[in-house]
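Undergrad: Got coords36.cif for you, mmCIF, C-alpha atoms and all ligand atoms:
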data_my_file
#
loop_
_atom_site.label_atom_id
_atom_site.label_comp_id
_atom_site.auth_asym_id
_atom_site.auth_seq_id
_atom_site.Cartn_x
_atom_site.Cartn_y
_atom_site.Cartn_z
CA MET A 1 87.58 88.94 -57.67
CA LYS A 2 85.15 90.46 -60.18
CA ILE A 3 86.38 93.80 -61.54
CA GLY A 4 84.97 95.80 -64.44
CA ILE A 5 82.71 98.58 -65.66
CA ASP A 6 80.21 99.71 -63.03
CA SER A 7 78.64 102.65 -64.91
CA ILE A 8 79.19 104.31 -68.28
CA ALA A 9 78.07 107.47 -70.13
CA PHE A 10 79.00 109.56 -73.15
CA SER A 11 78.81 113.13 -74.38
CA THR A 12 79.43 114.93 -77.66
CA SER A 13 78.95 118.30 -79.34
CA ARG A 14 75.46 119.84 -79.53
CA TYR A 15 76.04 120.50 -83.26
CA PHE A 16 76.29 118.23 -86.27
CA LEU A 17 76.68 118.36 -90.03
CA ARG A 18 74.76 116.01 -92.31
CA LEU A 19 77.17 114.11 -94.53
CA GLU A 20 74.69 114.57 -97.37
CA ILE A 21 75.60 118.27 -97.27
CA LEU A 22 79.34 117.53 -97.11
CA ALA A 23 79.03 115.09 -100.04
CA ALA A 24 77.29 117.74 -102.17
CA HIS A 25 80.06 120.27 -101.47
CA ARG A 26 82.82 117.73 -102.14
CA GLY A 27 81.23 116.47 -105.38
CA VAL A 28 80.89 112.94 -103.99
CA LYS A 29 77.82 110.68 -104.04
CA PHE A 30 76.28 110.54 -100.53
CA GLU A 31 76.06 106.72 -100.90
CA LYS A 32 79.85 106.58 -100.74
CA TYR A 33 79.64 108.01 -97.21
CA SER A 34 76.45 106.29 -96.07
CA GLN A 35 77.08 102.83 -97.58
CA GLY A 36 80.75 102.76 -98.62
CA ILE A 37 82.02 104.20 -95.33
CA GLY A 38 78.99 103.74 -93.08
CA GLN A 39 78.57 107.28 -91.71
CA ILE A 40 75.61 109.68 -91.99
CA MET A 41 76.41 112.62 -89.69
CA MET A 42 79.40 114.10 -87.95
CA PRO A 43 79.49 116.17 -84.77
CA VAL A 44 81.11 119.57 -85.19
CA PHE A 45 82.64 121.30 -82.19
CA PRO A 46 82.21 125.03 -81.58
CA PRO A 47 85.18 126.95 -80.15
CA ASN A 48 83.80 126.85 -76.58
CA GLU A 49 83.69 123.02 -76.55
CA ASP A 50 86.74 120.75 -76.30
CA ILE A 51 87.91 117.37 -74.97
CA VAL A 52 87.70 118.69 -71.40
CA THR A 53 84.16 120.12 -71.53
CA ILE A 54 82.66 116.97 -73.08
CA ALA A 55 84.70 114.83 -70.67
CA ILE A 56 83.20 116.69 -67.69
CA ASP A 57 79.70 116.19 -69.08
CA ALA A 58 80.25 112.45 -69.65
CA ALA A 59 81.89 112.00 -66.24
CA ARG A 60 79.08 113.78 -64.39
CA LYS A 61 76.57 111.41 -65.95
CA ALA A 62 78.72 108.34 -65.21
CA ILE A 63 79.06 109.17 -61.51
CA ALA A 64 75.55 110.59 -60.97
CA HIS A 65 74.46 107.51 -58.97
CA ILE A 66 77.42 107.51 -56.57
CA GLU A 67 76.65 108.53 -53.01
CA ASN A 68 80.25 108.76 -51.89
CA ILE A 69 82.27 110.56 -54.55
CA ALA A 70 85.33 110.26 -52.29
CA ALA A 71 85.53 106.60 -53.32
CA ILE A 72 87.05 107.80 -56.62
CA ASP A 73 90.77 107.89 -55.95
CA PHE A 74 92.20 107.61 -59.47
CA LEU A 75 91.25 109.43 -62.69
CA ILE A 76 92.81 108.34 -65.98
CA PHE A 77 92.20 110.62 -68.98
CA ALA A 78 92.89 108.86 -72.27
CA THR A 79 93.23 111.02 -75.38
CA GLU A 80 95.18 111.65 -78.55
CA SER A 81 93.72 115.17 -78.87
CA SER A 82 95.85 116.73 -76.11
CA PHE A 83 96.40 120.46 -76.28
CA ASP A 84 99.04 120.46 -73.55
CA LEU A 85 102.13 118.28 -73.53
CA SER A 86 102.63 118.75 -69.80
CA LYS A 87 99.43 119.27 -67.80
CA ALA A 88 96.97 116.36 -67.80
CA ALA A 89 93.54 117.34 -69.15
CA GLY A 90 92.02 115.26 -66.35
CA ILE A 91 93.09 117.87 -63.77
CA TYR A 92 90.39 120.24 -65.08
CA VAL A 93 87.88 117.38 -64.74
CA HIS A 94 89.09 116.67 -61.20
CA HIS A 95 88.48 120.35 -60.35
CA PHE A 96 84.94 120.59 -61.74
CA LEU A 97 83.91 117.21 -60.32
CA LYS A 98 85.30 118.24 -56.91
CA LEU A 99 87.09 114.91 -56.53
CA ARG A 100 89.13 114.33 -53.39
CA GLU A 101 92.44 116.11 -53.18
CA ASP A 102 94.46 112.89 -52.90
CA CYS A 103 92.95 111.40 -56.07
CA ARG A 104 95.70 110.58 -58.61
CA VAL A 105 95.18 112.11 -62.07
CA ILE A 106 97.10 111.19 -65.20
CA GLU A 107 96.71 111.49 -68.97
CA ILE A 108 97.71 108.61 -71.23
CA LYS A 109 98.16 108.28 -74.99
CA GLN A 110 98.40 105.60 -77.66
CA ALA A 111 96.04 106.77 -80.40
CA CYS A 112 92.58 105.15 -80.20
CA TYR A 113 93.85 102.33 -77.97
CA SER A 114 94.46 104.52 -74.90
CA ALA A 115 91.12 104.05 -73.10
CA THR A 116 91.67 100.28 -73.22
CA ALA A 117 95.13 100.72 -71.72
CA ALA A 118 93.43 102.88 -69.05
CA LEU A 119 90.83 100.18 -68.40
CA GLN A 120 93.48 97.48 -67.92
CA LEU A 121 95.52 99.78 -65.67
CA ALA A 122 92.38 100.60 -63.65
CA LYS A 123 91.59 96.90 -63.30
CA SER A 124 95.08 96.19 -61.88
CA PHE A 125 94.78 99.18 -59.54
CA VAL A 126 91.41 97.98 -58.19
CA ARG A 127 92.81 94.47 -57.71
CA GLU A 128 95.41 96.02 -55.38
CA ASN A 129 92.97 98.50 -53.77
CA HIS A 130 89.62 96.75 -53.38
CA ASN A 131 87.64 99.79 -52.22
CA SER A 132 88.86 102.07 -55.01
CA LYS A 133 86.76 103.34 -57.85
CA VAL A 134 88.75 104.47 -60.89
CA LEU A 135 87.22 107.01 -63.26
CA VAL A 136 88.38 106.33 -66.82
CA ILE A 137 87.69 108.93 -69.51
CA GLY A 138 88.35 108.59 -73.23
CA SER A 139 87.83 111.93 -74.95
CA ASP A 140 88.80 112.81 -78.50
CA ILE A 141 87.92 115.21 -81.29
CA VAL A 142 89.21 113.95 -84.64
CA LYS A 143 90.08 116.48 -87.34
CA TYR A 144 91.39 115.79 -90.83
CA SER A 145 92.18 118.38 -93.45
CA SER A 146 89.23 119.72 -95.47
CA GLY A 147 88.64 117.77 -98.66
CA SER A 148 90.83 114.82 -97.58
CA SER A 149 89.57 111.22 -97.77
CA GLY A 150 89.38 111.16 -93.97
CA GLU A 151 87.08 114.20 -93.77
CA PRO A 152 83.75 112.29 -93.75
CA THR A 153 85.02 110.09 -90.89
CA GLN A 154 85.73 113.05 -88.58
CA GLY A 155 83.96 112.96 -85.25
CA GLY A 156 84.31 113.20 -81.54
CA ALA A 157 82.91 112.20 -78.19
CA ALA A 158 83.88 111.53 -74.61
CA VAL A 159 83.07 108.34 -72.79
CA ALA A 160 83.43 108.03 -69.01
CA PHE A 161 83.24 104.83 -67.01
CA LEU A 162 83.85 103.74 -63.46
CA VAL A 163 85.98 100.68 -62.83
CA SER A 164 85.37 98.89 -59.51
CA THR A 165 84.78 95.55 -57.84
CA ASP A 166 81.33 93.98 -58.28
CA PRO A 167 80.67 95.95 -61.48
CA GLN A 168 77.01 96.36 -62.39
CA ILE A 169 77.56 96.48 -66.16
CA MET A 170 80.42 94.25 -67.27
CA ILE A 171 83.10 92.10 -65.64
CA ILE A 172 86.37 92.39 -67.56
CA GLU A 173 87.75 88.87 -67.94
CA ASP A 174 91.41 87.98 -67.46
CA GLY A 175 93.32 87.05 -70.60
CA SER A 176 93.67 89.14 -73.72
CA GLY A 177 95.59 89.16 -76.99
CA VAL A 178 97.90 92.14 -77.60
CA HIS A 179 99.80 93.06 -80.75
CA THR A 180 102.20 96.00 -81.10
CA ASN A 181 104.06 96.97 -84.26
CA ASP A 182 105.80 100.11 -85.51
CA VAL A 183 103.84 101.41 -88.49
CA MET A 184 103.21 104.94 -89.84
CA ASP A 185 99.51 104.60 -90.62
CA PHE A 186 98.19 107.58 -88.63
CA TRP A 187 100.04 110.21 -86.61
CA ARG A 188 99.83 113.82 -85.41
CA PRO A 189 103.11 115.65 -84.74
CA ALA A 190 102.90 118.08 -81.81
CA SER A 191 102.90 121.05 -84.22
CA GLU A 192 99.77 119.87 -86.10
CA ASN A 193 96.07 120.28 -85.30
CA GLU A 194 94.96 117.77 -87.90
CA ALA A 195 95.90 114.10 -88.04
CA LEU A 196 98.04 112.78 -90.92
CA PHE A 197 97.34 109.33 -92.24
CA ASP A 198 97.88 106.67 -94.83
CA GLY A 199 94.29 105.45 -95.16
CA LYS A 200 94.88 102.18 -97.00
CA LEU A 201 97.84 101.18 -94.82
CA SER A 202 95.79 101.96 -91.69
CA ALA A 203 92.90 99.75 -92.82
CA TYR A 204 95.35 96.95 -93.70
CA ASN A 205 97.08 97.20 -90.31
CA TYR A 206 93.76 97.35 -88.41
CA LEU A 207 92.77 94.00 -89.94
CA LYS A 208 96.20 92.37 -89.65
CA SER A 209 96.41 93.39 -85.96
CA LEU A 210 92.89 92.08 -85.41
CA ASP A 211 93.85 88.70 -86.82
CA ILE A 212 96.92 88.42 -84.61
CA SER A 213 95.37 89.77 -81.38
CA PHE A 214 92.14 87.77 -81.78
CA ASN A 215 94.00 84.47 -82.33
CA ARG A 216 96.30 85.27 -79.43
CA TYR A 217 93.22 85.91 -77.24
CA LEU A 218 91.68 82.56 -78.27
CA ALA A 219 94.94 80.69 -77.58
CA LYS A 220 95.49 82.38 -74.20
CA THR A 221 91.96 81.83 -72.96
CA ASN A 222 91.54 78.39 -74.47
CA ARG A 223 88.29 79.48 -76.11
CA ASP A 224 86.92 79.29 -79.60
CA ILE A 225 84.79 81.83 -81.43
CA SER A 226 81.54 80.05 -80.48
CA SER A 227 82.07 81.01 -76.81
CA ILE A 228 81.67 84.71 -77.74
CA ASP A 229 78.08 86.02 -77.95
CA TYR A 230 78.59 89.56 -79.32
CA VAL A 231 81.52 91.55 -80.69
CA CYS A 232 82.34 95.26 -80.58
CA PHE A 233 85.09 96.78 -82.71
CA HIS A 234 86.93 100.06 -82.61
CA ALA A 235 85.00 101.95 -85.29
CA PRO A 236 86.96 104.68 -87.14
CA PHE A 237 83.97 104.39 -89.51
CA GLY A 238 81.22 101.77 -89.58
CA LYS A 239 82.45 99.89 -92.63
CA MET A 240 85.83 99.25 -90.98
CA ALA A 241 84.06 97.42 -88.14
CA HIS A 242 82.11 95.35 -90.69
CA LYS A 243 85.39 94.45 -92.39
CA GLY A 244 86.72 93.43 -88.96
CA ALA A 245 83.73 91.13 -88.48
CA GLN A 246 84.42 89.51 -91.87
CA GLN A 247 88.11 89.11 -90.99
CA ILE A 248 87.35 86.95 -87.95
CA LYS A 249 84.48 85.19 -89.82
CA TRP A 250 81.86 86.58 -87.44
CA ARG A 251 78.43 85.57 -88.71
CA GLU A 252 76.05 87.58 -86.49
CA SER A 253 75.02 91.17 -87.25
CA ILE A 254 77.04 93.94 -85.57
CA ASP A 255 74.56 96.66 -86.60
CA ASP A 256 73.37 97.30 -83.00
CA THR A 257 76.94 98.20 -82.00
CA LEU A 258 77.27 100.89 -84.69
CA LEU A 259 74.11 103.00 -84.29
CA TYR A 260 75.81 105.72 -82.22
CA ASN A 261 79.00 105.61 -84.26
CA SER A 262 77.14 106.36 -87.51
CA VAL A 263 76.15 109.79 -86.14
CA LEU A 264 79.22 110.49 -83.95
CA GLY A 265 81.98 109.64 -86.42
CA ASN A 266 85.39 108.54 -85.22
CA SER A 267 85.67 109.26 -81.50
CA CYS A 268 89.06 107.48 -81.24
CA SER A 269 89.68 106.50 -77.61
CA ALA A 270 85.92 106.62 -76.89
CA SER A 271 84.88 104.73 -80.03
CA LEU A 272 85.02 101.10 -78.83
CA TYR A 273 83.13 101.98 -75.63
CA ILE A 274 80.51 103.92 -77.57
CA CYS A 275 79.99 100.77 -79.66
CA LEU A 276 79.56 98.86 -76.39
CA MET A 277 77.00 101.43 -75.19
CA SER A 278 75.18 101.21 -78.51
CA LEU A 279 74.89 97.44 -78.01
CA LEU A 280 73.78 97.79 -74.37
CA ASP A 281 71.11 100.34 -75.40
CA HIS A 282 69.84 98.58 -78.53
CA ALA A 283 70.22 94.78 -78.16
CA LYS A 284 66.86 93.18 -78.87
CA THR A 285 67.27 90.43 -76.27
CA SER A 286 68.75 90.52 -72.77
CA LEU A 287 72.55 90.58 -72.63
CA GLU A 288 72.63 89.15 -69.10
CA GLY A 289 75.49 86.66 -68.75
CA LYS A 290 76.60 87.16 -72.35
CA ARG A 291 80.27 87.30 -73.31
CA ILE A 292 81.20 90.37 -75.36
CA GLY A 293 84.42 90.31 -77.39
CA LEU A 294 86.08 93.73 -77.73
CA TYR A 295 88.67 94.80 -80.28
CA SER A 296 90.66 97.93 -79.50
CA TYR A 297 93.01 99.36 -82.14
CA GLY A 298 95.26 102.41 -81.91
CA SER A 299 97.29 103.34 -84.99
CA GLY A 300 101.00 103.37 -84.72
CA SER A 301 100.12 100.69 -83.48
CA VAL A 302 98.82 98.74 -80.47
CA ALA A 303 95.85 96.39 -80.65
CA GLU A 304 94.15 94.35 -77.93
CA TYR A 305 91.36 91.80 -78.10
CA PHE A 306 89.70 91.09 -74.75
CA SER A 307 86.29 90.17 -73.37
CA GLY A 308 83.73 90.88 -70.69
CA ILE A 309 80.64 89.26 -69.19
CA ILE A 310 77.49 91.36 -68.81
CA ASN A 311 76.03 91.58 -65.30
CA GLY A 312 72.36 90.76 -64.67
CA LYS A 313 71.74 94.26 -63.29
CA TYR A 314 73.14 96.14 -66.29
CA LYS A 315 69.73 97.53 -67.30
CA SER A 316 69.50 99.56 -64.09
CA ARG A 317 72.69 101.38 -65.10
CA ILE A 318 72.04 102.13 -68.76
CA THR A 319 70.39 105.33 -69.97
CA ALA A 320 69.22 104.44 -73.48
CA GLU A 321 66.38 106.98 -73.62
CA LYS A 322 68.55 109.83 -72.33
CA ASN A 323 71.24 108.97 -74.85
CA GLN A 324 68.71 109.00 -77.66
CA ARG A 325 67.28 112.33 -76.48
CA MET A 326 70.76 113.85 -76.30
CA LEU A 327 71.44 112.86 -79.92
CA GLU A 328 68.02 113.97 -81.16
CA SER A 329 68.25 117.37 -79.46
CA ARG A 330 71.44 118.26 -81.34
CA GLU A 331 71.25 121.13 -83.77
CA GLU A 332 72.14 120.92 -87.44
CA ILE A 333 74.66 123.45 -88.72
CA SER A 334 75.24 124.70 -92.24
CA PHE A 335 78.29 123.94 -94.38
CA GLU A 336 79.39 127.57 -93.94
CA GLU A 337 79.35 127.26 -90.14
CA TYR A 338 81.22 123.95 -90.42
CA GLU A 339 83.96 125.73 -92.37
CA LEU A 340 84.14 128.44 -89.71
CA PHE A 341 84.42 125.83 -86.96
CA CYS A 342 87.23 124.14 -88.92
CA LYS A 343 89.12 127.42 -88.72
CA ASN A 344 88.19 127.52 -85.02
CA SER A 345 86.31 130.78 -85.52
CA SER A 346 82.63 131.48 -85.05
CA ASP A 347 83.04 135.26 -84.72
CA SER A 348 81.23 136.19 -87.91
CA THR A 349 78.12 134.09 -87.25
CA ASN A 350 76.85 136.27 -84.36
CA LYS A 351 75.44 133.13 -82.83
CA ILE A 352 75.85 131.93 -79.26
CA TYR A 353 76.78 128.27 -79.26
CA GLU A 354 75.63 126.07 -76.42
CA ASN A 355 77.73 123.45 -74.68
CA SER A 356 76.87 119.80 -74.22
CA GLY A 357 77.08 120.20 -70.46
CA THR A 358 77.42 123.15 -68.14
CA VAL A 359 81.17 123.81 -68.38
CA ARG A 360 82.54 125.84 -71.28
CA LEU A 361 85.94 126.95 -72.49
CA LYS A 362 85.59 130.68 -71.83
CA SER A 363 88.89 131.86 -73.29
CA ILE A 364 92.56 131.15 -73.74
CA GLU A 365 94.59 133.85 -72.02
CA ASN A 366 98.39 133.87 -72.14
CA LYS A 367 98.04 130.33 -73.51
CA LYS A 368 96.14 129.28 -70.35
CA ARG A 369 92.77 127.64 -70.86
CA ILE A 370 90.02 129.18 -68.72
CA TYR A 371 86.95 127.01 -68.10
CA LEU A 372 83.74 128.27 -66.52
CA GLU A 373 80.60 126.69 -65.14
CA ASN A 374 77.60 128.31 -66.88
N1 LIG B 1 78.15 103.96 -103.29
C1 LIG B 1 78.49 102.99 -102.38
N2 LIG B 1 79.79 102.73 -102.04
C2 LIG B 1 80.76 103.45 -102.61
C3 LIG B 1 80.47 104.46 -103.55
C4 LIG B 1 79.09 104.71 -103.90
N3 LIG B 1 78.74 105.66 -104.75
N4 LIG B 1 81.64 105.00 -103.94
C5 LIG B 1 82.62 104.36 -103.27
N5 LIG B 1 82.10 103.42 -102.48
C6 LIG B 1 82.78 102.50 -101.56
C7 LIG B 1 84.07 101.93 -102.13
O1 LIG B 1 83.82 100.82 -102.98
C8 LIG B 1 84.78 101.53 -100.86
O2 LIG B 1 84.29 100.30 -100.38
P1 LIG B 1 85.31 99.13 -99.95
O3 LIG B 1 86.17 99.70 -98.85
O4 LIG B 1 84.40 98.04 -99.48
O5 LIG B 1 86.11 98.80 -101.16
C9 LIG B 1 84.36 102.60 -99.86
O6 LIG B 1 83.21 103.24 -100.44
C10 LIG B 1 85.42 103.66 -99.59
O7 LIG B 1 85.86 104.12 -100.83
P2 LIG B 1 87.42 104.46 -101.08
O8 LIG B 1 88.26 103.30 -100.64
O9 LIG B 1 87.58 104.97 -102.46
O10 LIG B 1 87.53 105.64 -100.02
P3 LIG B 1 88.63 106.70 -99.81
O11 LIG B 1 89.95 106.30 -100.33
O12 LIG B 1 88.08 108.01 -100.26
O13 LIG B 1 88.70 106.75 -98.19
C11 LIG B 1 89.41 105.75 -96.15
C12 LIG B 1 88.42 105.69 -97.29
C13 LIG B 1 90.77 105.30 -96.69
C14 LIG B 1 89.06 104.80 -95.05
C15 LIG B 1 89.44 107.18 -95.59
O14 LIG B 1 88.23 107.48 -94.99
C16 LIG B 1 90.55 107.39 -94.60
O15 LIG B 1 91.71 107.45 -94.94
N6 LIG B 1 90.19 107.56 -93.27
C17 LIG B 1 91.14 107.88 -92.22
C18 LIG B 1 91.96 106.70 -91.75
C19 LIG B 1 91.11 105.65 -91.07
O16 LIG B 1 90.05 105.89 -90.54
N7 LIG B 1 91.63 104.39 -91.06
C20 LIG B 1 90.94 103.29 -90.41
C21 LIG B 1 91.89 102.28 -89.81
S1 LIG B 1 93.01 103.12 -88.69
C22 LIG B 1 92.15 103.23 -87.20
O17 LIG B 1 91.20 102.52 -86.98
C23 LIG B 1 92.64 104.25 -86.19
C24 LIG B 1 91.78 105.45 -86.33
O18 LIG B 1 90.76 105.58 -85.64
C25 LIG B 1 92.17 106.49 -87.29
#
Would you mind writing the file out in structure tokens?
TA:
Amino acid sequence: MKIGIDSIAFSTSRYFLRLEILAAHRGVKFEKYSQGIGQIMMPVFPPNEDIVTIAIDAARKAIAHIENIAAIDFLIFATESSFDLSKAAGIYVHHFLKLREDCRVIEIKQACYSATAALQLAKSFVRENHNSKVLVIGSDIVKYSSGSSGEPTQGGAAVAFLVSTDPQIMIIEDGSGVHTNDVMDFWRPASENEALFDGKLSAYNYLKSLDISFNRYLAKTNRDISSIDYVCFHAPFGKMAHKGAQQIKWRESIDDTLLYNSVLGNSCSASLYICLMSLLDHAKTSLEGKRIGLYSYGSGSVAEYFSGIINGKYKSRITAEKNQRMLESREEISFEEYELFCKNSSDSTNKIYENSGTVRLKSIENKKRIYLEN
């Protein structure tokens, strides 16, 4: 049975900061960010936008073509940016999407790996329930402390995709290489808003885990590297993905996979799938029938290397022009506004900030989040 990704979409903040501006304020050469790290812009999230509002926007786009929304009977929300240790963020999405009442909703976590765990879980679920469509969402907003080495890699986005039989975009193949090891390379205790990290250790472990999971994938599937046509990597920043390509001695360019990442920054759980969308939207020749290798890495750590085959009808499901328009219509903010957003306060700007979609976080009352449709 063919199971995989039937539709896919992403969303992000309507506001961004140019890393040229950040570099000037941090006394760093912009080339360190643009060439050394591989990033040129980062999205910045106003107080009325969060992982739920961008998730709703992405999900609405991903399910826009569905005639029977009742076919969605499972929603998995993958994130490491949770604001609630009990209630699943996906329940707000379920409400605004008006999904059926007996649709299961859960939230899952393992750093940036979680959307891949969700995809594999969805695939197993669909194998057992052939008529099901599972809505998988990876939504993260990554914040590091101001002035830290991680600051220029901050970012955020939500990706939403439907997993079903006869997928129009990509069949997820059986067989993958997984590697789990206990390492303190990146973590965020429940009391903290910003992630803590050991940058060099995290880069080392990303590459070591890639080596192990990739070779395990090759051994399990009895394939060699020449059977893979394109590769997408989890991209905490573009240069890390390039280092991944070197690690597995990949000779083709991966530039098409990183075009969205360079202006979205690290979107954690969404990142790998945004690299896949970047490839789908920008590949110069048809991807029909091509095998895509995918490397998912979540600090802490769990890594998985797996693959998919692109369906001949994928072009009917991709929205390259809309994605480009969404990114081009974003508004640049000043460094001063960025600093206000970091403190989660826009009060003194007297400016009304727009949302990516139509749902906004109106307020937090008695520690309850109140969302409203505009
Ligand atoms: N022009 C061009 N390049 C320059 C330059 C200039 N003027 N100045 C410096 N560079 C280059 C450096 O040579 C270096 O290149 P190499 O890596 O090829 O040697 C690169 O810019 C970065 O320079 P530094 O190593 O000095 O950078 P740094 O220490 O300030 O920070 C970082 C880099 C460690 C990755 C930091 O961004 C960080 O800690 N980020 C957060 C953690 C992270 O993203 N880890 C990735 C793996 S973990 C993961 O994948 C999970 C996740 O999503 C977090």
Undergrad: Could you pull out the residues sitting within 7 Å of ligand LIG 1 (chain B), using all atoms listed in the file, and write them as a VMD selection string?
TA: chain A and resid 29 to 33 35 to 37 112 149 to 153 185 to 186 197 to 200 202 to 203 206 234 to 237 240 266 268 297 to 299
Undergrad: For a test of reading the model, state the distance in Å between atom CA of A:Lys220 and atom CA of A:Tyr305, rounded to one decimal.
TA: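 Distance reported for this atom pair: 11.0 Å.
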Undergrad: Rank A:Ala59, A:Ala283, A:Ala89, A:Met41 by their smallest atom-to-atom distance to A:Leu22, using all atoms listed in the file, and report the top residue only.
TA: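 Ranking A:Ala59, A:Ala283, A:Ala89, A:Met41 by distance to A:Leu22, first place goes to A:Met41.
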Undergrad: Taking all atoms listed in the file into account, name the residue in A:Ser148, A:Asn311, A:Ser296, A:Asn68 that is nearest to A:Ala117.
TA: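 Closest to A:Ala117, using all atoms listed in the file: A:Ser296.
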Undergrad: Neighbouring residues of A:Arg223 were defined as those with any atom within 12 Å, considering all atoms listed in the file; residues of the same chain fewer than 3 positions away were excluded. Please report them as a list in words.
TA: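 Contacts, in chain order: Gly175, Ser176, Phe214, Asn215, Arg216, Tyr217, Leu218, Ala219, Lys220, Ser226, Ser227, Ile228, Arg291, Gly293, Phe306 and Ser307 of chain A.
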Undergrad: Hey, what's within 7 Å of A:Pro46 if we count all atoms listed in the file and toss same-chain stuff fewer than 3 positions away? As a ChimeraX atom specification, please?
TA: /A:49,341,353
